[in-house]
2 protein chains.
Amino acid sequence: MRSILHAQDGVRQPSEEAEQDPLFVQAVARTVQVLSAFHTASKPMSLNEIAAASGVGKSATQRVVATLRHLGYVERDPDDNGYVPGIRLLDHTLDYLRLNPLVARASPVLLELRRNVRERIDLSLLDGLRLVYAARMQSKRETFFATLVGHSVPVFCTSGGRAIMAAMSDEEVEEIIAKSDRRPFTAKTLIEPAAIREKVLEAREAGYAVAVEEVLPGEVALGVAIRGPDGRPQAAVHVAGSLGEWEAEEFTRRFAPLAVEAARAISRF
Amino acid sequence: MRSILHAQDGVRQPSEEAEQDPLFVQAVARTVQVLSAFHTASKPMSLNEIAAASGVGKSATQRVVATLRHLGYVERDPDDNGYVPGIRLLDHTLDYLRLNPLVARASPVLLELRRNVRERIDLSLLDGLRLVYAARMQSKRETFFATLVGHSVPVFCTSGGRAIMAAMSDEEVEEIIAKSDRRPFTAKTLIEPAAIREKVLEAREAGYAVAVEEVLPGEVALGVAIRGPDGRPQAAVHVAGSLGEWEAEEFTRRFAPLAVEAARAISRF
DNA sequence: TCGGTCTATATCGCTAGGCGATACAGATGT
DNA sequence: ACATCTGTATCGCCTAGCGATATAGACCGA
């Protein structure tokens, strides 16, 4: 079992391939490394902690952090001690969402879907082995942090992830299964390759995927893949509901057609 | 009238004060400048456009962009041409939201508020002359992009902004009014200093502020300030509804007490 | 097929940007 | 009072990375 908060990857290490690339700017990487130090944090960090977590020397960290603070990308925690990420980062969030053509296409469709489905609706974007939530429309009860933009979940054990795998070749699916850190979130999380493969086949058949309590207890989720111009899956639409209100069967029967239609409207294939 | 999309400030220029600061790292600033080039964009950008918008030399831009691309902070638009911000930025969004103590305190309160108020609820954070939306909980009908995290609106003409000004000294209010770019969003946007001052006084009296159709036509919004440990306003809770469903009076009478209570629960004063 | 004008990528020499080491100064704690 | 955190500052040496320039592929209209 692991916390849902740690689904994000670490920073891509600049070493190996990148090092020899003549066009690789270390200073940029350092900046990113410093900012990424917060990925591992659960509370405000001191300079030394940032230096340790980022792998950047203490002196350099000091000056980079000071600069980032000047620019609004790092702040001091008001209950003073330690640094936290700064509000300027949200400007880039907006840029990302605004300029991402898929998000732009998806928004009206999701709003329309939301009108017909009074459950939580999410749009998640594929990034390697994970799905990153880009747009979230809550329903009634939600469990807090799980509902934040930027949150990510693994492909292998989520409804959207399986729907996406179903739209890939078998080789790609195997690669994802093999590379994933398949630690379970709940007792029901499927981690066996065989079980995952089976679920993917089901999804390929049905055109959508379902996951029951695999990430959050009491949650039933339904995912449909969104394909890009080349036919490759890029993202997924999720509909999530509570088992307190719905039987999984009934939930699926009711909402799957709507979700499929929405995903098709967003797809470019 | 201006578009609601351009409420964000430009990048803080590294020149002036910063230049002489011995601890200021240019490379960090350059990185930020390149990423901030997208603030002015409404479509994918080419290298030359980025170079022009960021004020960074063409060669440097090329290498910085290449590096950022390596790291996932910049991507190519799939309908290929031009660069867009990359998905890795969302990881930092999550870090910001997770580690911001105010957001953390606010989330459960906002969810609770949402349970009682079936209208749109927002949490916005004060950043100079603007309010940046950090958490958004939609209701039924929404007008699309206006509902994204990272979006920002001016302090001077919003319900939350006025509630925040009401919690400041008169000098600070004057400063905000003076420095703000007071272009109207709608025909009803109040831009006269006198009118704004009056609204602020009303808000100081009532403990909350109301704005009707000042940012979006057909929208009534209600804002309450959230104070930090030092008593200074840091953020605001918004409740927004449609004039198609609500009379402004009725809307206020009904929801203001709940919003005030929520803001107080989040405040640290 | 040719120039013209975009795009991005690559090479290279020179220099100033910024790293590491080290020292310093407040807080906090035992 | 001492130890151990915190963040800040100084300085000399070296290399990272800038600007200028060249290359090369796409696309367009003639």
# chains A, B, ... in the order shown; residues from 1 in each chain; ligands from 1
call {"tool": "interface_residues", "arguments": {"of": "chain C", "to": "chain A", "cutoff": "9 Å", "atoms": "only C-alpha atoms (C1' of nucleotides)", "output": "PyMOL selection string"}}
result
chain C and resi 10+18-20
call {"tool": "calpha_fit_and_write", "arguments": {"fixed": "chain A", "moving": "chain B", "output": "PDB file with C-alpha atoms, in the first residue's frame"}}
result
ATOM      1  CA  MET B   1       0.085  -0.017  -0.017  1.00  0.00           C
ATOM      2  CA  ARG B   2       1.298   3.407  -0.746  1.00  0.00           C
ATOM      3  CA  SER B   3      -0.033   6.868  -0.328  1.00  0.00           C
ATOM      4  CA  ILE B   4      -1.823   8.388  -3.268  1.00  0.00           C
ATOM      5  CA  LEU B   5       0.360  11.429  -2.880  1.00  0.00           C
ATOM      6  CA  HIS B   6       3.479   9.841  -4.276  1.00  0.00           C
ATOM      7  CA  ALA B   7       2.380   8.806  -7.692  1.00  0.00           C
ATOM      8  CA  GLN B   8       4.565  11.314  -9.455  1.00  0.00           C
ATOM      9  CA  ASP B   9       7.913  10.339 -10.930  1.00  0.00           C
ATOM     10  CA  GLY B  10      11.096  11.929  -9.742  1.00  0.00           C
ATOM     11  CA  VAL B  11      12.859  14.472 -11.865  1.00  0.00           C
ATOM     12  CA  ARG B  12      14.273  13.185 -15.075  1.00  0.00           C
ATOM     13  CA  GLN B  13      17.967  13.013 -14.295  1.00  0.00           C
ATOM     14  CA  PRO B  14      20.067  15.206 -16.544  1.00  0.00           C
ATOM     15  CA  SER B  15      22.969  12.784 -16.497  1.00  0.00           C
ATOM     16  CA  GLU B  16      23.451   9.966 -19.030  1.00  0.00           C
ATOM     17  CA  GLU B  17      22.238  10.903 -22.498  1.00  0.00           C
ATOM     18  CA  ALA B  18      21.689  14.534 -21.731  1.00  0.00           C
ATOM     19  CA  GLU B  19      25.169  15.248 -20.424  1.00  0.00           C
ATOM     20  CA  GLN B  20      26.829  14.672 -23.750  1.00  0.00           C
ATOM     21  CA  ASP B  21      24.242  16.665 -25.641  1.00  0.00           C
ATOM     22  CA  PRO B  22      26.114  19.817 -26.575  1.00  0.00           C
ATOM     23  CA  LEU B  23      22.901  21.786 -26.504  1.00  0.00           C
ATOM     24  CA  PHE B  24      22.087  20.927 -22.941  1.00  0.00           C
ATOM     25  CA  VAL B  25      22.131  23.865 -20.564  1.00  0.00           C
ATOM     26  CA  GLN B  26      23.128  22.839 -17.071  1.00  0.00           C
ATOM     27  CA  ALA B  27      21.856  26.005 -15.484  1.00  0.00           C
ATOM     28  CA  VAL B  28      18.343  25.204 -16.659  1.00  0.00           C
ATOM     29  CA  ALA B  29      18.613  21.722 -15.258  1.00  0.00           C
ATOM     30  CA  ARG B  30      19.815  23.087 -11.960  1.00  0.00           C
ATOM     31  CA  THR B  31      16.872  25.427 -11.761  1.00  0.00           C
ATOM     32  CA  VAL B  32      14.509  22.595 -12.434  1.00  0.00           C
ATOM     33  CA  GLN B  33      16.241  20.346  -9.950  1.00  0.00           C
ATOM     34  CA  VAL B  34      15.893  22.902  -7.226  1.00  0.00           C
ATOM     35  CA  LEU B  35      12.212  23.399  -7.915  1.00  0.00           C
ATOM     36  CA  SER B  36      11.732  19.659  -8.110  1.00  0.00           C
ATOM     37  CA  ALA B  37      13.167  19.214  -4.652  1.00  0.00           C
ATOM     38  CA  PHE B  38       9.676  19.964  -3.404  1.00  0.00           C
ATOM     39  CA  HIS B  39       8.339  16.828  -5.055  1.00  0.00           C
ATOM     40  CA  THR B  40       9.683  14.792  -2.192  1.00  0.00           C
ATOM     41  CA  ALA B  41       8.656  17.224   0.506  1.00  0.00           C
ATOM     42  CA  SER B  42       5.608  17.145   2.695  1.00  0.00           C
ATOM     43  CA  LYS B  43       6.379  20.349   4.534  1.00  0.00           C
ATOM     44  CA  PRO B  44       8.306  23.578   3.936  1.00  0.00           C
ATOM     45  CA  MET B  45      11.984  22.936   3.286  1.00  0.00           C
ATOM     46  CA  SER B  46      15.160  24.594   4.494  1.00  0.00           C
ATOM     47  CA  LEU B  47      17.991  25.470   2.155  1.00  0.00           C
ATOM     48  CA  ASN B  48      20.007  22.477   3.231  1.00  0.00           C
ATOM     49  CA  GLU B  49      17.096  20.152   2.664  1.00  0.00           C
ATOM     50  CA  ILE B  50      16.585  21.567  -0.784  1.00  0.00           C
ATOM     51  CA  ALA B  51      20.278  21.208  -1.536  1.00  0.00           C
ATOM     52  CA  ALA B  52      20.238  17.615  -0.391  1.00  0.00           C
ATOM     53  CA  ALA B  53      17.054  16.685  -2.219  1.00  0.00           C
ATOM     54  CA  SER B  54      18.028  18.370  -5.450  1.00  0.00           C
ATOM     55  CA  GLY B  55      21.620  17.223  -5.548  1.00  0.00           C
ATOM     56  CA  VAL B  56      22.754  20.783  -6.151  1.00  0.00           C
ATOM     57  CA  GLY B  57      25.573  22.212  -4.061  1.00  0.00           C
ATOM     58  CA  LYS B  58      24.717  24.246  -1.039  1.00  0.00           C
ATOM     59  CA  SER B  59      26.105  27.527  -2.347  1.00  0.00           C
ATOM     60  CA  ALA B  60      24.397  27.141  -5.674  1.00  0.00           C
ATOM     61  CA  THR B  61      21.140  26.206  -4.027  1.00  0.00           C
ATOM     62  CA  GLN B  62      21.256  29.326  -1.921  1.00  0.00           C
ATOM     63  CA  ARG B  63      21.646  31.583  -4.897  1.00  0.00           C
ATOM     64  CA  VAL B  64      19.173  29.757  -7.076  1.00  0.00           C
ATOM     65  CA  VAL B  65      16.568  29.795  -4.339  1.00  0.00           C
ATOM     66  CA  ALA B  66      17.194  33.464  -3.642  1.00  0.00           C
ATOM     67  CA  THR B  67      16.714  34.203  -7.303  1.00  0.00           C
ATOM     68  CA  LEU B  68      13.583  32.120  -7.588  1.00  0.00           C
ATOM     69  CA  ARG B  69      12.269  33.900  -4.559  1.00  0.00           C
ATOM     70  CA  HIS B  70      12.897  37.233  -6.220  1.00  0.00           C
ATOM     71  CA  LEU B  71      10.915  36.025  -9.160  1.00  0.00           C
ATOM     72  CA  GLY B  72       8.031  34.633  -7.126  1.00  0.00           C
ATOM     73  CA  TYR B  73       8.635  30.965  -7.831  1.00  0.00           C
ATOM     74  CA  VAL B  74       9.593  30.202  -4.275  1.00  0.00           C
ATOM     75  CA  GLU B  75       8.171  31.712  -1.113  1.00  0.00           C
ATOM     76  CA  ARG B  76       8.779  31.563   2.568  1.00  0.00           C
ATOM     77  CA  ASP B  77       6.146  29.851   4.563  1.00  0.00           C
ATOM     78  CA  PRO B  78       4.230  32.532   6.480  1.00  0.00           C
ATOM     79  CA  ASP B  79       4.234  30.447   9.680  1.00  0.00           C
ATOM     80  CA  ASP B  80       7.873  31.056   9.126  1.00  0.00           C
ATOM     81  CA  ASN B  81      10.348  28.479   8.605  1.00  0.00           C
ATOM     82  CA  GLY B  82      11.308  27.030   5.321  1.00  0.00           C
ATOM     83  CA  TYR B  83      10.587  27.575   1.697  1.00  0.00           C
ATOM     84  CA  VAL B  84       7.597  26.496  -0.357  1.00  0.00           C
ATOM     85  CA  PRO B  85       6.871  26.745  -4.080  1.00  0.00           C
ATOM     86  CA  GLY B  86       5.706  30.182  -5.161  1.00  0.00           C
ATOM     87  CA  ILE B  87       2.510  31.401  -6.690  1.00  0.00           C
ATOM     88  CA  ARG B  88       4.129  32.293 -10.006  1.00  0.00           C
ATOM     89  CA  LEU B  89       4.142  28.620 -10.816  1.00  0.00           C
ATOM     90  CA  LEU B  90       0.397  28.832 -11.253  1.00  0.00           C
ATOM     91  CA  ASP B  91       0.848  31.209 -14.161  1.00  0.00           C
ATOM     92  CA  HIS B  92       2.589  28.438 -16.005  1.00  0.00           C
ATOM     93  CA  THR B  93      -0.147  26.041 -15.072  1.00  0.00           C
ATOM     94  CA  LEU B  94      -2.562  28.312 -16.823  1.00  0.00           C
ATOM     95  CA  ASP B  95      -0.297  28.598 -19.838  1.00  0.00           C
ATOM     96  CA  TYR B  96      -0.088  24.857 -20.039  1.00  0.00           C
ATOM     97  CA  LEU B  97      -3.820  24.362 -19.833  1.00  0.00           C
ATOM     98  CA  ARG B  98      -4.622  27.236 -22.195  1.00  0.00           C
ATOM     99  CA  LEU B  99      -2.176  26.232 -24.875  1.00  0.00           C
ATOM    100  CA  ASN B 100      -2.673  22.502 -24.747  1.00  0.00           C
ATOM    101  CA  PRO B 101      -4.934  21.859 -27.714  1.00  0.00           C
ATOM    102  CA  LEU B 102      -6.371  18.725 -26.197  1.00  0.00           C
ATOM    103  CA  VAL B 103      -7.410  20.487 -23.018  1.00  0.00           C
ATOM    104  CA  ALA B 104      -8.893  23.277 -25.085  1.00  0.00           C
ATOM    105  CA  ARG B 105     -10.941  20.851 -27.168  1.00  0.00           C
ATOM    106  CA  ALA B 106     -11.931  18.877 -24.112  1.00  0.00           C
ATOM    107  CA  SER B 107     -13.244  21.615 -21.880  1.00  0.00           C
ATOM    108  CA  PRO B 108     -16.616  22.277 -23.495  1.00  0.00           C
ATOM    109  CA  VAL B 109     -17.192  18.589 -24.005  1.00  0.00           C
ATOM    110  CA  LEU B 110     -16.465  17.841 -20.381  1.00  0.00           C
ATOM    111  CA  LEU B 111     -18.796  20.583 -19.243  1.00  0.00           C
ATOM    112  CA  GLU B 112     -21.510  19.107 -21.379  1.00  0.00           C
ATOM    113  CA  LEU B 113     -20.776  15.662 -20.015  1.00  0.00           C
ATOM    114  CA  ARG B 114     -20.912  17.052 -16.524  1.00  0.00           C
ATOM    115  CA  ARG B 115     -24.377  18.375 -17.213  1.00  0.00           C
ATOM    116  CA  ASN B 116     -25.626  14.886 -17.901  1.00  0.00           C
ATOM    117  CA  VAL B 117     -23.552  13.060 -15.353  1.00  0.00           C
ATOM    118  CA  ARG B 118     -23.673  14.467 -11.867  1.00  0.00           C
ATOM    119  CA  GLU B 119     -20.573  12.601 -10.809  1.00  0.00           C
ATOM    120  CA  ARG B 120     -16.934  13.578 -10.692  1.00  0.00           C
ATOM    121  CA  ILE B 121     -15.375  14.024 -14.081  1.00  0.00           C
ATOM    122  CA  ASP B 122     -11.657  14.201 -14.777  1.00  0.00           C
ATOM    123  CA  LEU B 123      -9.435  14.712 -17.750  1.00  0.00           C
ATOM    124  CA  SER B 124      -6.042  13.081 -17.397  1.00  0.00           C
ATOM    125  CA  LEU B 125      -3.044  13.275 -19.705  1.00  0.00           C
ATOM    126  CA  LEU B 126      -0.707  10.427 -20.421  1.00  0.00           C
ATOM    127  CA  ASP B 127       2.876  11.016 -19.353  1.00  0.00           C
ATOM    128  CA  GLY B 128       4.866   7.832 -19.614  1.00  0.00           C
ATOM    129  CA  LEU B 129       3.703   5.510 -16.889  1.00  0.00           C
ATOM    130  CA  ARG B 130       1.381   7.924 -15.245  1.00  0.00           C
ATOM    131  CA  LEU B 131      -1.768   9.893 -15.871  1.00  0.00           C
ATOM    132  CA  VAL B 132      -1.685  13.522 -14.805  1.00  0.00           C
ATOM    133  CA  TYR B 133      -4.975  15.161 -13.983  1.00  0.00           C
ATOM    134  CA  ALA B 134      -5.383  18.346 -15.958  1.00  0.00           C
ATOM    135  CA  ALA B 135      -9.014  19.221 -15.349  1.00  0.00           C
ATOM    136  CA  ARG B 136     -11.231  18.112 -12.547  1.00  0.00           C
ATOM    137  CA  MET B 137     -14.887  18.692 -11.942  1.00  0.00           C
ATOM    138  CA  GLN B 138     -15.930  17.601  -8.499  1.00  0.00           C
ATOM    139  CA  SER B 139     -19.218  16.196  -7.419  1.00  0.00           C
ATOM    140  CA  LYS B 140     -20.478  16.263  -3.841  1.00  0.00           C
ATOM    141  CA  ARG B 141     -18.205  14.345  -1.543  1.00  0.00           C
ATOM    142  CA  GLU B 142     -14.556  14.309  -2.344  1.00  0.00           C
ATOM    143  CA  THR B 143     -11.610  13.177  -0.390  1.00  0.00           C
ATOM    144  CA  PHE B 144      -9.612  16.320  -0.333  1.00  0.00           C
ATOM    145  CA  PHE B 145      -6.168  16.355  -1.872  1.00  0.00           C
ATOM    146  CA  ALA B 146      -7.043  13.631  -4.307  1.00  0.00           C
ATOM    147  CA  THR B 147      -8.931  16.271  -6.233  1.00  0.00           C
ATOM    148  CA  LEU B 148      -6.076  18.636  -7.115  1.00  0.00           C
ATOM    149  CA  VAL B 149      -4.859  19.522 -10.562  1.00  0.00           C
ATOM    150  CA  GLY B 150      -1.400  18.135 -11.181  1.00  0.00           C
ATOM    151  CA  HIS B 151      -2.053  15.008  -9.227  1.00  0.00           C
ATOM    152  CA  SER B 152      -1.042  11.846 -10.972  1.00  0.00           C
ATOM    153  CA  VAL B 153      -1.875   8.168 -10.804  1.00  0.00           C
ATOM    154  CA  PRO B 154      -0.263   5.137 -12.424  1.00  0.00           C
ATOM    155  CA  VAL B 155      -1.509   3.885 -15.748  1.00  0.00           C
ATOM    156  CA  PHE B 156      -1.493   0.234 -14.798  1.00  0.00           C
ATOM    157  CA  CYS B 157      -4.206   0.278 -12.146  1.00  0.00           C
ATOM    158  CA  THR B 158      -6.623   2.990 -13.176  1.00  0.00           C
ATOM    159  CA  SER B 159      -9.668   2.979 -15.380  1.00  0.00           C
ATOM    160  CA  GLY B 160      -8.279   5.630 -17.666  1.00  0.00           C
ATOM    161  CA  GLY B 161      -4.924   3.922 -17.790  1.00  0.00           C
ATOM    162  CA  ARG B 162      -6.425   0.650 -18.854  1.00  0.00           C
ATOM    163  CA  ALA B 163      -8.529   2.316 -21.481  1.00  0.00           C
ATOM    164  CA  ILE B 164      -5.361   3.891 -22.793  1.00  0.00           C
ATOM    165  CA  MET B 165      -3.466   0.621 -22.776  1.00  0.00           C
ATOM    166  CA  ALA B 166      -6.344  -0.927 -24.659  1.00  0.00           C
ATOM    167  CA  ALA B 167      -5.670   1.549 -27.436  1.00  0.00           C
ATOM    168  CA  MET B 168      -2.006   0.567 -27.629  1.00  0.00           C
ATOM    169  CA  SER B 169      -0.166  -2.354 -29.111  1.00  0.00           C
ATOM    170  CA  ASP B 170       0.472  -5.399 -26.957  1.00  0.00           C
ATOM    171  CA  GLU B 171       4.178  -4.616 -26.856  1.00  0.00           C
ATOM    172  CA  GLU B 172       3.555  -1.186 -25.461  1.00  0.00           C
ATOM    173  CA  VAL B 173       1.201  -2.610 -22.864  1.00  0.00           C
ATOM    174  CA  GLU B 174       3.836  -5.100 -21.804  1.00  0.00           C
ATOM    175  CA  GLU B 175       6.372  -2.357 -21.546  1.00  0.00           C
ATOM    176  CA  ILE B 176       4.131  -0.307 -19.310  1.00  0.00           C
ATOM    177  CA  ILE B 177       3.366  -3.256 -17.100  1.00  0.00           C
ATOM    178  CA  ALA B 178       7.029  -4.161 -16.870  1.00  0.00           C
ATOM    179  CA  LYS B 179       8.301  -0.696 -16.094  1.00  0.00           C
ATOM    180  CA  SER B 180       5.583   0.338 -13.665  1.00  0.00           C
ATOM    181  CA  ASP B 181       6.141   0.393  -9.966  1.00  0.00           C
ATOM    182  CA  ARG B 182       3.206  -1.843  -9.215  1.00  0.00           C
ATOM    183  CA  ARG B 183       2.683  -1.264  -5.555  1.00  0.00           C
ATOM    184  CA  PRO B 184      -0.976  -1.448  -4.582  1.00  0.00           C
ATOM    185  CA  PHE B 185      -2.998   1.492  -3.298  1.00  0.00           C
ATOM    186  CA  THR B 186      -5.744  -0.623  -1.801  1.00  0.00           C
ATOM    187  CA  ALA B 187      -6.321  -4.291  -1.175  1.00  0.00           C
ATOM    188  CA  LYS B 188      -8.171  -4.434  -4.481  1.00  0.00           C
ATOM    189  CA  THR B 189      -5.477  -2.927  -6.669  1.00  0.00           C
ATOM    190  CA  LEU B 190      -4.635  -5.421  -9.393  1.00  0.00           C
ATOM    191  CA  ILE B 191      -0.887  -5.793  -9.674  1.00  0.00           C
ATOM    192  CA  GLU B 192      -0.456  -9.135 -11.412  1.00  0.00           C
ATOM    193  CA  PRO B 193       0.541  -8.756 -15.069  1.00  0.00           C
ATOM    194  CA  ALA B 194      -1.927 -11.454 -16.067  1.00  0.00           C
ATOM    195  CA  ALA B 195      -4.806  -9.734 -14.315  1.00  0.00           C
ATOM    196  CA  ILE B 196      -3.894  -6.409 -15.863  1.00  0.00           C
ATOM    197  CA  ARG B 197      -3.645  -7.918 -19.333  1.00  0.00           C
ATOM    198  CA  GLU B 198      -7.076  -9.408 -18.902  1.00  0.00           C
ATOM    199  CA  LYS B 199      -8.558  -6.101 -17.887  1.00  0.00           C
ATOM    200  CA  VAL B 200      -6.938  -4.458 -20.864  1.00  0.00           C
ATOM    201  CA  LEU B 201      -8.478  -7.015 -23.182  1.00  0.00           C
ATOM    202  CA  GLU B 202     -11.869  -6.388 -21.645  1.00  0.00           C
ATOM    203  CA  ALA B 203     -11.384  -2.687 -22.178  1.00  0.00           C
ATOM    204  CA  ARG B 204     -10.335  -3.234 -25.776  1.00  0.00           C
ATOM    205  CA  GLU B 205     -13.567  -5.145 -26.286  1.00  0.00           C
ATOM    206  CA  ALA B 206     -15.853  -2.707 -24.545  1.00  0.00           C
ATOM    207  CA  GLY B 207     -14.262   0.579 -25.585  1.00  0.00           C
ATOM    208  CA  TYR B 208     -13.958   1.684 -21.982  1.00  0.00           C
ATOM    209  CA  ALA B 209     -12.453   0.434 -18.754  1.00  0.00           C
ATOM    210  CA  VAL B 210     -13.717   0.114 -15.215  1.00  0.00           C
ATOM    211  CA  ALA B 211     -11.789   0.037 -11.952  1.00  0.00           C
ATOM    212  CA  VAL B 212     -13.446  -0.611  -8.630  1.00  0.00           C
ATOM    213  CA  GLU B 213     -11.678   0.480  -5.468  1.00  0.00           C
ATOM    214  CA  GLU B 214      -8.253   0.103  -7.005  1.00  0.00           C
ATOM    215  CA  VAL B 215      -7.037   3.530  -6.062  1.00  0.00           C
ATOM    216  CA  LEU B 216      -9.513   4.769  -3.492  1.00  0.00           C
ATOM    217  CA  PRO B 217     -11.721   2.622  -1.286  1.00  0.00           C
ATOM    218  CA  GLY B 218     -15.378   3.064  -2.080  1.00  0.00           C
ATOM    219  CA  GLU B 219     -14.741   4.487  -5.501  1.00  0.00           C
ATOM    220  CA  VAL B 220     -15.889   3.160  -8.830  1.00  0.00           C
ATOM    221  CA  ALA B 221     -14.201   4.705 -11.842  1.00  0.00           C
ATOM    222  CA  LEU B 222     -14.813   4.508 -15.530  1.00  0.00           C
ATOM    223  CA  GLY B 223     -12.281   5.593 -18.140  1.00  0.00           C
ATOM    224  CA  VAL B 224     -12.241   6.122 -21.878  1.00  0.00           C
ATOM    225  CA  ALA B 225      -9.186   6.839 -23.995  1.00  0.00           C
ATOM    226  CA  ILE B 226      -8.764   9.957 -26.086  1.00  0.00           C
ATOM    227  CA  ARG B 227      -6.753   9.506 -29.266  1.00  0.00           C
ATOM    228  CA  GLY B 228      -4.577  12.007 -31.034  1.00  0.00           C
ATOM    229  CA  PRO B 229      -4.384  12.710 -34.765  1.00  0.00           C
ATOM    230  CA  ASP B 230      -2.117   9.696 -35.206  1.00  0.00           C
ATOM    231  CA  GLY B 231      -4.565   7.410 -33.478  1.00  0.00           C
ATOM    232  CA  ARG B 232      -2.359   7.013 -30.444  1.00  0.00           C
ATOM    233  CA  PRO B 233      -3.963   7.454 -27.033  1.00  0.00           C
ATOM    234  CA  GLN B 234      -2.942  10.685 -25.350  1.00  0.00           C
ATOM    235  CA  ALA B 235      -5.385  11.162 -22.553  1.00  0.00           C
ATOM    236  CA  ALA B 236      -8.465   9.817 -20.843  1.00  0.00           C
ATOM    237  CA  VAL B 237     -11.845  10.921 -19.627  1.00  0.00           C
ATOM    238  CA  HIS B 238     -12.824   9.600 -16.222  1.00  0.00           C
ATOM    239  CA  VAL B 239     -16.151   9.394 -14.497  1.00  0.00           C
ATOM    240  CA  ALA B 240     -15.921   8.511 -10.830  1.00  0.00           C
ATOM    241  CA  GLY B 241     -18.644   7.734  -8.364  1.00  0.00           C
ATOM    242  CA  SER B 242     -19.198   6.357  -4.901  1.00  0.00           C
ATOM    243  CA  LEU B 243     -20.092   2.750  -4.197  1.00  0.00           C
ATOM    244  CA  GLY B 244     -22.298   4.100  -1.467  1.00  0.00           C
ATOM    245  CA  GLU B 245     -24.619   5.412  -4.140  1.00  0.00           C
ATOM    246  CA  TRP B 246     -24.008   3.119  -7.044  1.00  0.00           C
ATOM    247  CA  GLU B 247     -23.697  -0.492  -7.894  1.00  0.00           C
ATOM    248  CA  ALA B 248     -20.672  -0.818 -10.185  1.00  0.00           C
ATOM    249  CA  GLU B 249     -22.785  -2.489 -12.877  1.00  0.00           C
ATOM    250  CA  GLU B 250     -25.439   0.144 -12.856  1.00  0.00           C
ATOM    251  CA  PHE B 251     -22.884   2.913 -12.784  1.00  0.00           C
ATOM    252  CA  THR B 252     -21.195   1.522 -15.858  1.00  0.00           C
ATOM    253  CA  ARG B 253     -24.370   0.854 -17.808  1.00  0.00           C
ATOM    254  CA  ARG B 254     -25.560   4.345 -17.176  1.00  0.00           C
ATOM    255  CA  PHE B 255     -22.476   6.423 -17.784  1.00  0.00           C
ATOM    256  CA  ALA B 256     -20.221   4.446 -20.102  1.00  0.00           C
ATOM    257  CA  PRO B 257     -22.082   5.457 -23.276  1.00  0.00           C
ATOM    258  CA  LEU B 258     -21.925   9.124 -22.350  1.00  0.00           C
ATOM    259  CA  ALA B 259     -18.252   8.954 -21.491  1.00  0.00           C
ATOM    260  CA  VAL B 260     -17.439   7.119 -24.703  1.00  0.00           C
ATOM    261  CA  GLU B 261     -19.258   9.711 -26.702  1.00  0.00           C
ATOM    262  CA  ALA B 262     -17.422  12.519 -24.942  1.00  0.00           C
ATOM    263  CA  ALA B 263     -14.037  10.899 -25.523  1.00  0.00           C
ATOM    264  CA  ARG B 264     -14.836  10.455 -29.167  1.00  0.00           C
ATOM    265  CA  ALA B 265     -15.797  14.101 -29.460  1.00  0.00           C
ATOM    266  CA  ILE B 266     -12.437  15.123 -28.035  1.00  0.00           C
ATOM    267  CA  SER B 267     -10.425  12.625 -30.051  1.00  0.00           C
ATOM    268  CA  ARG B 268      -8.836  13.536 -33.349  1.00  0.00           C
ATOM    269  CA  PHE B 269      -8.927  10.279 -35.155  1.00  0.00           C
TER     270      PHE B 269
END
call {"tool": "select_by_dssp", "arguments": {"residues": "range 52-190 of chain A", "states": "strand (DSSP E or B)", "output": "ChimeraX atom specification"}}
result
/A:74-76,83-85,120-127,130-137,152-154
call {"tool": "write_last_selection", "arguments": {"atoms": "C-alpha atoms", "output": "PDB file, in the first residue's frame"}}
result
ATOM      1  CA  VAL A  74       9.605  30.206  -4.278  1.00  0.00           C
ATOM      2  CA  GLU A  75       8.165  31.701  -1.106  1.00  0.00           C
ATOM      3  CA  ARG A  76       8.775  31.538   2.565  1.00  0.00           C
ATOM      4  CA  TYR A  83      10.590  27.567   1.694  1.00  0.00           C
ATOM      5  CA  VAL A  84       7.613  26.490  -0.350  1.00  0.00           C
ATOM      6  CA  PRO A  85       6.876  26.746  -4.075  1.00  0.00           C
ATOM      7  CA  ARG A 120     -16.943  13.583 -10.694  1.00  0.00           C
ATOM      8  CA  ILE A 121     -15.386  14.020 -14.089  1.00  0.00           C
ATOM      9  CA  ASP A 122     -11.677  14.203 -14.785  1.00  0.00           C
ATOM     10  CA  LEU A 123      -9.454  14.712 -17.760  1.00  0.00           C
ATOM     11  CA  SER A 124      -6.058  13.099 -17.414  1.00  0.00           C
ATOM     12  CA  LEU A 125      -3.067  13.285 -19.714  1.00  0.00           C
ATOM     13  CA  LEU A 126      -0.716  10.442 -20.424  1.00  0.00           C
ATOM     14  CA  ASP A 127       2.872  11.023 -19.360  1.00  0.00           C
ATOM     15  CA  ARG A 130       1.362   7.932 -15.245  1.00  0.00           C
ATOM     16  CA  LEU A 131      -1.770   9.905 -15.874  1.00  0.00           C
ATOM     17  CA  VAL A 132      -1.706  13.522 -14.812  1.00  0.00           C
ATOM     18  CA  TYR A 133      -4.986  15.169 -13.993  1.00  0.00           C
ATOM     19  CA  ALA A 134      -5.395  18.363 -15.969  1.00  0.00           C
ATOM     20  CA  ALA A 135      -9.034  19.223 -15.361  1.00  0.00           C
ATOM     21  CA  ARG A 136     -11.256  18.117 -12.557  1.00  0.00           C
ATOM     22  CA  MET A 137     -14.915  18.680 -11.941  1.00  0.00           C
ATOM     23  CA  SER A 152      -1.057  11.859 -10.981  1.00  0.00           C
ATOM     24  CA  VAL A 153      -1.886   8.175 -10.797  1.00  0.00           C
ATOM     25  CA  PRO A 154      -0.265   5.156 -12.422  1.00  0.00           C
TER      26      PRO A 154
END
